[in-house]
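Visitor: Below you'll find entry_33.txt; it's compact mmCIF, N, CA and C atoms.
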```txt
# COMPACT_ATOMS: atom_id res chain seq x y z
N MET A 17 15.29 1.57 10.32
CA MET A 17 15.33 2.45 9.18
C MET A 17 16.76 2.80 8.81
N ARG A 18 17.60 2.89 9.82
CA ARG A 18 19.01 3.20 9.53
C ARG A 18 19.63 2.13 8.63
N ALA A 19 19.32 0.86 8.95
CA ALA A 19 19.87 -0.24 8.14
C ALA A 19 19.39 -0.14 6.69
N LEU A 20 18.14 0.21 6.50
CA LEU A 20 17.63 0.38 5.13
C LEU A 20 18.31 1.55 4.43
N SER A 21 18.48 2.64 5.17
CA SER A 21 19.09 3.82 4.54
C SER A 21 20.56 3.58 4.21
N GLU A 22 21.20 2.67 4.95
CA GLU A 22 22.61 2.38 4.71
C GLU A 22 22.82 1.18 3.78
N ALA A 23 21.74 0.54 3.38
CA ALA A 23 21.84 -0.59 2.46
C ALA A 23 22.41 -0.10 1.13
N GLY A 24 23.16 -0.92 0.49
CA GLY A 24 23.77 -0.54 -0.77
C GLY A 24 22.82 -0.69 -1.94
N THR A 25 21.57 -0.37 -1.74
CA THR A 25 20.56 -0.50 -2.80
C THR A 25 19.95 0.87 -3.09
N PRO A 26 19.59 1.11 -4.33
CA PRO A 26 18.94 2.38 -4.65
C PRO A 26 17.46 2.39 -4.26
N VAL A 27 16.87 1.20 -4.09
CA VAL A 27 15.44 1.08 -3.83
C VAL A 27 15.22 0.30 -2.53
N VAL A 28 14.27 0.77 -1.72
CA VAL A 28 13.87 0.03 -0.53
C VAL A 28 12.36 -0.11 -0.53
N SER A 29 11.89 -1.19 0.05
CA SER A 29 10.46 -1.43 0.17
C SER A 29 10.11 -1.46 1.65
N ILE A 30 9.09 -0.70 2.02
CA ILE A 30 8.63 -0.70 3.40
C ILE A 30 7.16 -1.05 3.44
N PHE A 31 6.72 -1.58 4.55
CA PHE A 31 5.33 -1.96 4.74
C PHE A 31 4.69 -1.06 5.78
N GLY A 32 3.43 -0.76 5.58
CA GLY A 32 2.70 0.05 6.54
C GLY A 32 1.28 -0.46 6.69
N LYS A 33 0.72 -0.23 7.85
CA LYS A 33 -0.65 -0.67 8.13
C LYS A 33 -1.65 0.26 7.45
N THR A 34 -2.58 -0.35 6.71
CA THR A 34 -3.62 0.45 6.05
C THR A 34 -5.02 0.07 6.53
N TRP A 35 -5.11 -0.96 7.34
CA TRP A 35 -6.39 -1.39 7.90
C TRP A 35 -6.45 -0.83 9.31
N ASP A 36 -7.41 0.03 9.57
CA ASP A 36 -7.48 0.67 10.89
C ASP A 36 -7.63 -0.33 12.03
N LEU A 37 -8.20 -1.49 11.76
CA LEU A 37 -8.28 -2.55 12.77
C LEU A 37 -6.88 -2.93 13.25
N HIS A 38 -5.95 -3.09 12.33
CA HIS A 38 -4.57 -3.47 12.68
C HIS A 38 -3.81 -2.32 13.33
N VAL A 39 -4.14 -1.11 12.95
CA VAL A 39 -3.50 0.05 13.58
C VAL A 39 -3.81 0.03 15.07
N LYS A 40 -5.07 -0.20 15.38
CA LYS A 40 -5.50 -0.20 16.79
C LYS A 40 -5.03 -1.46 17.53
N ARG A 41 -5.29 -2.63 16.95
CA ARG A 41 -5.02 -3.88 17.66
C ARG A 41 -3.57 -4.34 17.61
N ALA A 42 -2.95 -4.26 16.45
CA ALA A 42 -1.57 -4.78 16.31
C ALA A 42 -0.53 -3.74 16.75
N LEU A 43 -0.72 -2.50 16.31
CA LEU A 43 0.25 -1.47 16.66
C LEU A 43 -0.07 -0.78 17.98
N GLY A 44 -1.36 -0.75 18.32
CA GLY A 44 -1.77 -0.10 19.57
C GLY A 44 -1.58 1.41 19.55
N ILE A 45 -1.75 2.00 18.35
CA ILE A 45 -1.63 3.45 18.21
C ILE A 45 -2.89 4.00 17.54
N THR A 46 -2.99 5.32 17.50
CA THR A 46 -4.14 5.94 16.84
C THR A 46 -3.93 5.95 15.34
N ARG A 47 -5.01 6.18 14.62
CA ARG A 47 -4.90 6.29 13.16
C ARG A 47 -3.99 7.46 12.77
N GLU A 48 -4.11 8.56 13.49
CA GLU A 48 -3.28 9.72 13.20
C GLU A 48 -1.81 9.41 13.44
N GLU A 49 -1.50 8.68 14.50
CA GLU A 49 -0.11 8.30 14.77
C GLU A 49 0.44 7.40 13.66
N ASN A 50 -0.42 6.52 13.15
CA ASN A 50 -0.01 5.64 12.05
C ASN A 50 0.31 6.45 10.80
N LEU A 51 -0.53 7.43 10.48
CA LEU A 51 -0.28 8.28 9.31
C LEU A 51 1.05 9.01 9.47
N LYS A 52 1.32 9.50 10.66
CA LYS A 52 2.59 10.19 10.93
C LYS A 52 3.77 9.22 10.78
N LEU A 53 3.61 8.01 11.28
CA LEU A 53 4.67 6.99 11.17
C LEU A 53 4.99 6.69 9.71
N ILE A 54 3.94 6.51 8.90
CA ILE A 54 4.12 6.25 7.47
C ILE A 54 4.87 7.41 6.83
N SER A 55 4.38 8.61 7.06
CA SER A 55 4.97 9.80 6.45
C SER A 55 6.42 10.00 6.86
N GLU A 56 6.70 9.90 8.14
CA GLU A 56 8.06 10.13 8.62
C GLU A 56 9.03 9.06 8.13
N THR A 57 8.56 7.83 8.02
CA THR A 57 9.42 6.75 7.54
C THR A 57 9.79 6.96 6.07
N VAL A 58 8.79 7.27 5.26
CA VAL A 58 9.06 7.52 3.84
C VAL A 58 9.99 8.72 3.69
N LYS A 59 9.71 9.80 4.39
CA LYS A 59 10.53 11.00 4.29
C LYS A 59 11.97 10.72 4.72
N TYR A 60 12.16 9.97 5.79
CA TYR A 60 13.50 9.63 6.26
C TYR A 60 14.31 8.94 5.15
N LEU A 61 13.68 7.98 4.49
CA LEU A 61 14.36 7.24 3.43
C LEU A 61 14.58 8.11 2.18
N LYS A 62 13.60 8.92 1.83
CA LYS A 62 13.75 9.80 0.68
C LYS A 62 14.85 10.83 0.92
N ASP A 63 14.94 11.35 2.15
CA ASP A 63 15.99 12.32 2.49
C ASP A 63 17.38 11.72 2.36
N ARG A 64 17.46 10.40 2.36
CA ARG A 64 18.73 9.71 2.23
C ARG A 64 18.94 9.14 0.83
N GLY A 65 18.14 9.64 -0.11
CA GLY A 65 18.35 9.33 -1.52
C GLY A 65 17.77 8.01 -2.02
N LYS A 66 16.89 7.40 -1.25
CA LYS A 66 16.34 6.11 -1.65
C LYS A 66 15.07 6.29 -2.49
N GLU A 67 14.90 5.38 -3.43
CA GLU A 67 13.61 5.23 -4.10
C GLU A 67 12.79 4.36 -3.16
N VAL A 68 11.57 4.77 -2.85
CA VAL A 68 10.77 4.07 -1.85
C VAL A 68 9.52 3.45 -2.45
N VAL A 69 9.39 2.15 -2.22
CA VAL A 69 8.18 1.42 -2.56
C VAL A 69 7.41 1.26 -1.25
N TYR A 70 6.24 1.85 -1.19
CA TYR A 70 5.40 1.73 0.01
C TYR A 70 4.40 0.60 -0.23
N ASP A 71 4.55 -0.49 0.50
CA ASP A 71 3.66 -1.65 0.37
C ASP A 71 2.57 -1.51 1.43
N ALA A 72 1.37 -1.24 0.97
CA ALA A 72 0.22 -0.99 1.84
C ALA A 72 -0.37 -2.32 2.31
N GLU A 73 0.11 -2.78 3.46
CA GLU A 73 -0.27 -4.08 3.99
C GLU A 73 -1.77 -4.16 4.27
N HIS A 74 -2.38 -5.27 3.87
CA HIS A 74 -3.82 -5.50 4.05
C HIS A 74 -4.66 -4.37 3.42
N PHE A 75 -4.17 -3.82 2.31
CA PHE A 75 -4.87 -2.67 1.72
C PHE A 75 -6.32 -2.99 1.36
N PHE A 76 -6.56 -4.10 0.70
CA PHE A 76 -7.92 -4.38 0.22
C PHE A 76 -8.89 -4.68 1.37
N ASP A 77 -8.40 -5.32 2.42
CA ASP A 77 -9.23 -5.54 3.61
C ASP A 77 -9.50 -4.20 4.30
N GLY A 78 -8.45 -3.38 4.40
CA GLY A 78 -8.62 -2.06 5.01
C GLY A 78 -9.57 -1.19 4.22
N TYR A 79 -9.48 -1.26 2.90
CA TYR A 79 -10.37 -0.48 2.05
C TYR A 79 -11.82 -0.93 2.23
N ALA A 80 -12.02 -2.23 2.35
CA ALA A 80 -13.38 -2.75 2.55
C ALA A 80 -13.98 -2.24 3.86
N ALA A 81 -13.14 -2.15 4.89
CA ALA A 81 -13.61 -1.73 6.21
C ALA A 81 -13.75 -0.22 6.33
N ASN A 82 -12.81 0.53 5.75
CA ASN A 82 -12.79 1.98 5.90
C ASN A 82 -12.03 2.58 4.71
N PRO A 83 -12.72 2.74 3.58
CA PRO A 83 -12.04 3.19 2.36
C PRO A 83 -11.29 4.52 2.53
N GLU A 84 -11.88 5.45 3.21
CA GLU A 84 -11.25 6.77 3.34
C GLU A 84 -9.93 6.68 4.10
N TYR A 85 -9.91 5.90 5.18
CA TYR A 85 -8.66 5.78 5.94
C TYR A 85 -7.60 5.03 5.13
N ALA A 86 -7.98 3.97 4.46
CA ALA A 86 -7.02 3.24 3.63
C ALA A 86 -6.39 4.18 2.60
N LEU A 87 -7.19 5.04 1.99
CA LEU A 87 -6.67 6.00 1.02
C LEU A 87 -5.80 7.07 1.70
N GLU A 88 -6.15 7.44 2.94
CA GLU A 88 -5.33 8.41 3.68
C GLU A 88 -3.93 7.86 3.93
N THR A 89 -3.82 6.55 4.16
CA THR A 89 -2.49 5.98 4.39
C THR A 89 -1.65 6.08 3.11
N LEU A 90 -2.27 5.85 1.97
CA LEU A 90 -1.57 6.02 0.69
C LEU A 90 -1.17 7.47 0.49
N GLU A 91 -2.07 8.36 0.83
CA GLU A 91 -1.80 9.80 0.70
C GLU A 91 -0.61 10.21 1.57
N ALA A 92 -0.53 9.67 2.78
CA ALA A 92 0.60 9.98 3.67
C ALA A 92 1.91 9.55 3.04
N ALA A 93 1.94 8.36 2.47
CA ALA A 93 3.15 7.86 1.83
C ALA A 93 3.48 8.68 0.59
N HIS A 94 2.48 8.96 -0.21
CA HIS A 94 2.67 9.73 -1.44
C HIS A 94 3.18 11.14 -1.15
N CYS A 95 2.55 11.83 -0.21
CA CYS A 95 2.95 13.20 0.10
C CYS A 95 4.36 13.26 0.67
N ALA A 96 4.80 12.19 1.30
CA ALA A 96 6.16 12.14 1.85
C ALA A 96 7.18 11.78 0.78
N GLY A 97 6.70 11.40 -0.42
CA GLY A 97 7.61 11.17 -1.53
C GLY A 97 7.74 9.74 -2.02
N ALA A 98 6.88 8.82 -1.55
CA ALA A 98 6.97 7.43 -2.02
C ALA A 98 6.90 7.41 -3.55
N ASP A 99 7.75 6.58 -4.14
CA ASP A 99 7.81 6.48 -5.59
C ASP A 99 6.79 5.49 -6.15
N VAL A 100 6.44 4.49 -5.35
CA VAL A 100 5.48 3.47 -5.75
C VAL A 100 4.54 3.22 -4.57
N LEU A 101 3.25 3.16 -4.86
CA LEU A 101 2.26 2.73 -3.88
C LEU A 101 1.83 1.34 -4.29
N CYS A 102 2.19 0.36 -3.49
CA CYS A 102 1.90 -1.04 -3.80
C CYS A 102 0.75 -1.51 -2.92
N LEU A 103 -0.35 -1.86 -3.54
CA LEU A 103 -1.56 -2.28 -2.83
C LEU A 103 -1.48 -3.78 -2.58
N CYS A 104 -1.52 -4.17 -1.32
CA CYS A 104 -1.30 -5.57 -0.98
C CYS A 104 -2.60 -6.29 -0.63
N ASP A 105 -2.84 -7.40 -1.31
CA ASP A 105 -3.93 -8.31 -0.96
C ASP A 105 -3.32 -9.36 -0.04
N THR A 106 -3.06 -8.97 1.20
CA THR A 106 -2.32 -9.79 2.16
C THR A 106 -3.02 -11.09 2.48
N ASN A 107 -4.35 -11.10 2.48
CA ASN A 107 -5.08 -12.34 2.77
C ASN A 107 -5.33 -13.17 1.52
N GLY A 108 -5.08 -12.61 0.37
CA GLY A 108 -5.18 -13.36 -0.87
C GLY A 108 -6.58 -13.77 -1.28
N GLY A 109 -7.58 -12.98 -0.94
CA GLY A 109 -8.93 -13.40 -1.24
C GLY A 109 -9.79 -12.41 -2.01
N VAL A 110 -9.22 -11.31 -2.46
CA VAL A 110 -10.02 -10.32 -3.18
C VAL A 110 -10.32 -10.84 -4.58
N LEU A 111 -11.58 -10.80 -4.95
CA LEU A 111 -11.97 -11.25 -6.28
C LEU A 111 -11.57 -10.22 -7.32
N THR A 112 -11.30 -10.68 -8.51
CA THR A 112 -10.77 -9.85 -9.58
C THR A 112 -11.61 -8.61 -9.85
N GLY A 113 -12.90 -8.75 -9.95
CA GLY A 113 -13.76 -7.60 -10.24
C GLY A 113 -13.68 -6.54 -9.16
N ARG A 114 -13.71 -6.96 -7.91
CA ARG A 114 -13.63 -6.01 -6.79
C ARG A 114 -12.25 -5.35 -6.75
N LEU A 115 -11.22 -6.13 -6.99
CA LEU A 115 -9.87 -5.58 -6.99
C LEU A 115 -9.74 -4.51 -8.08
N ALA A 116 -10.28 -4.78 -9.25
CA ALA A 116 -10.22 -3.82 -10.34
C ALA A 116 -10.94 -2.52 -9.98
N GLU A 117 -12.07 -2.61 -9.29
CA GLU A 117 -12.81 -1.42 -8.87
C GLU A 117 -11.98 -0.59 -7.89
N ILE A 118 -11.33 -1.26 -6.95
CA ILE A 118 -10.55 -0.55 -5.93
C ILE A 118 -9.32 0.09 -6.56
N VAL A 119 -8.64 -0.64 -7.43
CA VAL A 119 -7.47 -0.07 -8.10
C VAL A 119 -7.88 1.15 -8.92
N ALA A 120 -9.03 1.09 -9.57
CA ALA A 120 -9.52 2.25 -10.33
C ALA A 120 -9.76 3.44 -9.42
N ALA A 121 -10.31 3.20 -8.23
CA ALA A 121 -10.55 4.29 -7.27
C ALA A 121 -9.23 4.90 -6.81
N VAL A 122 -8.24 4.07 -6.59
CA VAL A 122 -6.92 4.56 -6.19
C VAL A 122 -6.30 5.39 -7.31
N ARG A 123 -6.39 4.88 -8.52
CA ARG A 123 -5.84 5.62 -9.67
C ARG A 123 -6.53 6.96 -9.83
N GLN A 124 -7.83 6.98 -9.65
CA GLN A 124 -8.57 8.24 -9.76
C GLN A 124 -8.12 9.22 -8.68
N ARG A 125 -7.91 8.74 -7.48
CA ARG A 125 -7.49 9.59 -6.35
C ARG A 125 -6.13 10.23 -6.63
N PHE A 126 -5.22 9.47 -7.23
CA PHE A 126 -3.86 9.97 -7.44
C PHE A 126 -3.60 10.46 -8.86
N ASP A 127 -4.55 10.27 -9.76
CA ASP A 127 -4.55 10.87 -11.09
C ASP A 127 -3.20 10.80 -11.79
N GLY A 128 -2.58 9.62 -11.79
CA GLY A 128 -1.34 9.43 -12.51
C GLY A 128 -0.11 10.04 -11.87
N GLY A 129 -0.24 10.56 -10.65
CA GLY A 129 0.88 11.23 -10.00
C GLY A 129 1.87 10.30 -9.34
N VAL A 130 1.62 8.99 -9.38
CA VAL A 130 2.52 8.03 -8.73
C VAL A 130 2.31 6.67 -9.38
N VAL A 131 3.33 5.84 -9.33
CA VAL A 131 3.20 4.47 -9.85
C VAL A 131 2.37 3.67 -8.85
N ILE A 132 1.36 2.96 -9.36
CA ILE A 132 0.51 2.10 -8.54
C ILE A 132 0.83 0.66 -8.91
N GLY A 133 1.03 -0.17 -7.92
CA GLY A 133 1.28 -1.58 -8.15
C GLY A 133 0.43 -2.42 -7.22
N ILE A 134 0.48 -3.73 -7.39
CA ILE A 134 -0.20 -4.63 -6.47
C ILE A 134 0.76 -5.73 -6.04
N HIS A 135 0.43 -6.33 -4.92
CA HIS A 135 1.19 -7.42 -4.32
C HIS A 135 0.13 -8.39 -3.81
N THR A 136 -0.01 -9.52 -4.47
CA THR A 136 -1.07 -10.47 -4.11
C THR A 136 -0.49 -11.71 -3.44
N HIS A 137 -1.24 -12.25 -2.53
CA HIS A 137 -0.89 -13.52 -1.89
C HIS A 137 -1.79 -14.61 -2.44
N ASN A 138 -1.41 -15.84 -2.25
CA ASN A 138 -2.13 -16.95 -2.86
C ASN A 138 -2.89 -17.81 -1.85
N ASP A 139 -3.30 -17.23 -0.74
CA ASP A 139 -3.99 -17.98 0.30
C ASP A 139 -5.25 -18.67 -0.21
N SER A 140 -5.93 -18.06 -1.15
CA SER A 140 -7.18 -18.60 -1.69
C SER A 140 -7.05 -18.98 -3.16
N ASP A 141 -5.83 -19.23 -3.61
CA ASP A 141 -5.55 -19.55 -5.01
C ASP A 141 -6.02 -18.44 -5.95
N MET A 142 -5.92 -17.18 -5.50
CA MET A 142 -6.37 -16.05 -6.31
C MET A 142 -5.21 -15.19 -6.83
N ALA A 143 -3.97 -15.48 -6.41
CA ALA A 143 -2.85 -14.60 -6.76
C ALA A 143 -2.63 -14.51 -8.26
N VAL A 144 -2.83 -15.59 -8.97
CA VAL A 144 -2.64 -15.57 -10.41
C VAL A 144 -3.90 -15.07 -11.11
N ALA A 145 -5.06 -15.44 -10.62
CA ALA A 145 -6.31 -15.01 -11.24
C ALA A 145 -6.56 -13.53 -11.04
N THR A 146 -6.18 -13.01 -9.87
CA THR A 146 -6.48 -11.61 -9.55
C THR A 146 -5.88 -10.64 -10.54
N PRO A 147 -4.57 -10.73 -10.86
CA PRO A 147 -4.03 -9.78 -11.84
C PRO A 147 -4.29 -10.24 -13.27
N SER A 148 -5.54 -10.40 -13.61
CA SER A 148 -5.91 -10.92 -14.92
C SER A 148 -5.73 -9.87 -16.01
N PRO A 149 -5.66 -10.31 -17.25
CA PRO A 149 -5.50 -9.37 -18.37
C PRO A 149 -6.63 -8.35 -18.44
N ARG A 150 -7.78 -8.69 -17.86
CA ARG A 150 -8.94 -7.80 -17.92
C ARG A 150 -8.64 -6.42 -17.35
N TRP A 151 -7.75 -6.35 -16.37
CA TRP A 151 -7.48 -5.05 -15.77
C TRP A 151 -6.00 -4.73 -15.65
N LYS A 152 -5.14 -5.45 -16.34
CA LYS A 152 -3.69 -5.24 -16.20
C LYS A 152 -3.26 -3.82 -16.52
N ARG A 153 -4.07 -3.07 -17.22
CA ARG A 153 -3.70 -1.69 -17.52
C ARG A 153 -3.69 -0.84 -16.25
N ALA A 154 -4.37 -1.28 -15.22
CA ALA A 154 -4.49 -0.46 -14.01
C ALA A 154 -3.18 -0.27 -13.26
N PRO A 155 -2.56 -1.29 -12.71
CA PRO A 155 -1.28 -1.05 -12.03
C PRO A 155 -0.13 -1.12 -13.02
N ARG A 156 0.97 -0.52 -12.68
CA ARG A 156 2.17 -0.62 -13.52
C ARG A 156 3.07 -1.74 -13.07
N THR A 157 2.94 -2.17 -11.83
CA THR A 157 3.74 -3.28 -11.34
C THR A 157 2.84 -4.31 -10.71
N CYS A 158 3.24 -5.55 -10.78
CA CYS A 158 2.42 -6.62 -10.23
C CYS A 158 3.35 -7.70 -9.70
N ARG A 159 3.09 -8.16 -8.50
CA ARG A 159 3.89 -9.24 -7.91
C ARG A 159 2.97 -10.16 -7.16
N ALA A 160 3.07 -11.45 -7.44
CA ALA A 160 2.26 -12.45 -6.73
C ALA A 160 3.18 -13.26 -5.83
N ALA A 161 2.73 -13.49 -4.61
CA ALA A 161 3.54 -14.27 -3.65
C ALA A 161 2.86 -15.57 -3.31
```
Could you show the structure in this file as structure tokens?
Guide:
Amino acid sequence: MRALSEAGTPVVSIFGKTWDLHVKRALGITREENLKLISETVKYLKDRGKEVVYDAEHFFDGYAANPEYALETLEAAHCAGADVLCLCDTNGGVLTGRLAEIVAAVRQRFDGGVVIGIHTHNDSDMAVATPSPRWKRAPRTCRAA
């Protein structure tokens, strides 16, 4: 985090676990510890004058498994001051209609209080199809990898 805070950039992007399966198996910590980690990381960077993009890793998979916890991770980042909540389709397989429903739920939860974006992967050739014109009004930023 020190290297990010000392980077000569006004904006930094950080990734956080939003799928409780990964919190337990990959990080080996509790869900509450993960929320604290997200919050403290964002706050650390904000306290040092950075604009923070919080990239919610595996967001759509996490939302499918445990919607409330996935939203809690976004809430932790938002309350700590994240400027952008970027929802990541890390596995690249969320269908457009389902993605639009989830983005709408996120927008409703945060009621315009933060910029919402998406970050899609192309594992299933969905990265271009997913951010279709049908729902482009939902996020303000979109990036396909």
Visitor: I want to know what sits within 8 Å of Thr57 (chain A), based on all atoms listed in the file, with residues of the same chain fewer than 4 positions away left out; could you give that as a PyMOL selection string?
Guide: chain A and resi 17+51-53+61-63+93+96
Visitor: Take CA of His94 (chain A) and atom C of Thr136 (chain A) and report the distance between them in Å, one decimal.
Guide: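 Going from CA of His94 (chain A) over to atom C of Thr136 (chain A), I get 21.8 Å.
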Visitor: How many Å separate CA of Val39 (chain A) from atom C of Ile54 (chain A)?
Guide: 13.0 Å
Visitor: Rounded to one decimal, what separation in Å do you get between CA of Gly65 (chain A) and CA of Thr106 (chain A)?
Guide: 28.4 Å
Visitor: May I have the protein, DNA and RNA residues with any atom at most 10 Å from the point (14.4, -2.0, -5.8), counting only C-alpha atoms, written as a PyMOL selection string?
Guide: chain A and resi 25-29+66-69
Visitor: Identify the residues within 12 Å of coordinate (-6.7, -1.2, 10.4) (same frame as the file), considering only C-alpha atoms, and give the answer as a PyMOL selection string.
Guide: chain A and resi 32-48+50-51+72-89
Visitor: Can you check which residues of chain A DSSP gives as strand (DSSP E) on the backbone and send them as a PyMOL selection string?
Guide: chain A and resi 27-33+67-73+100-105+131-136+157-160
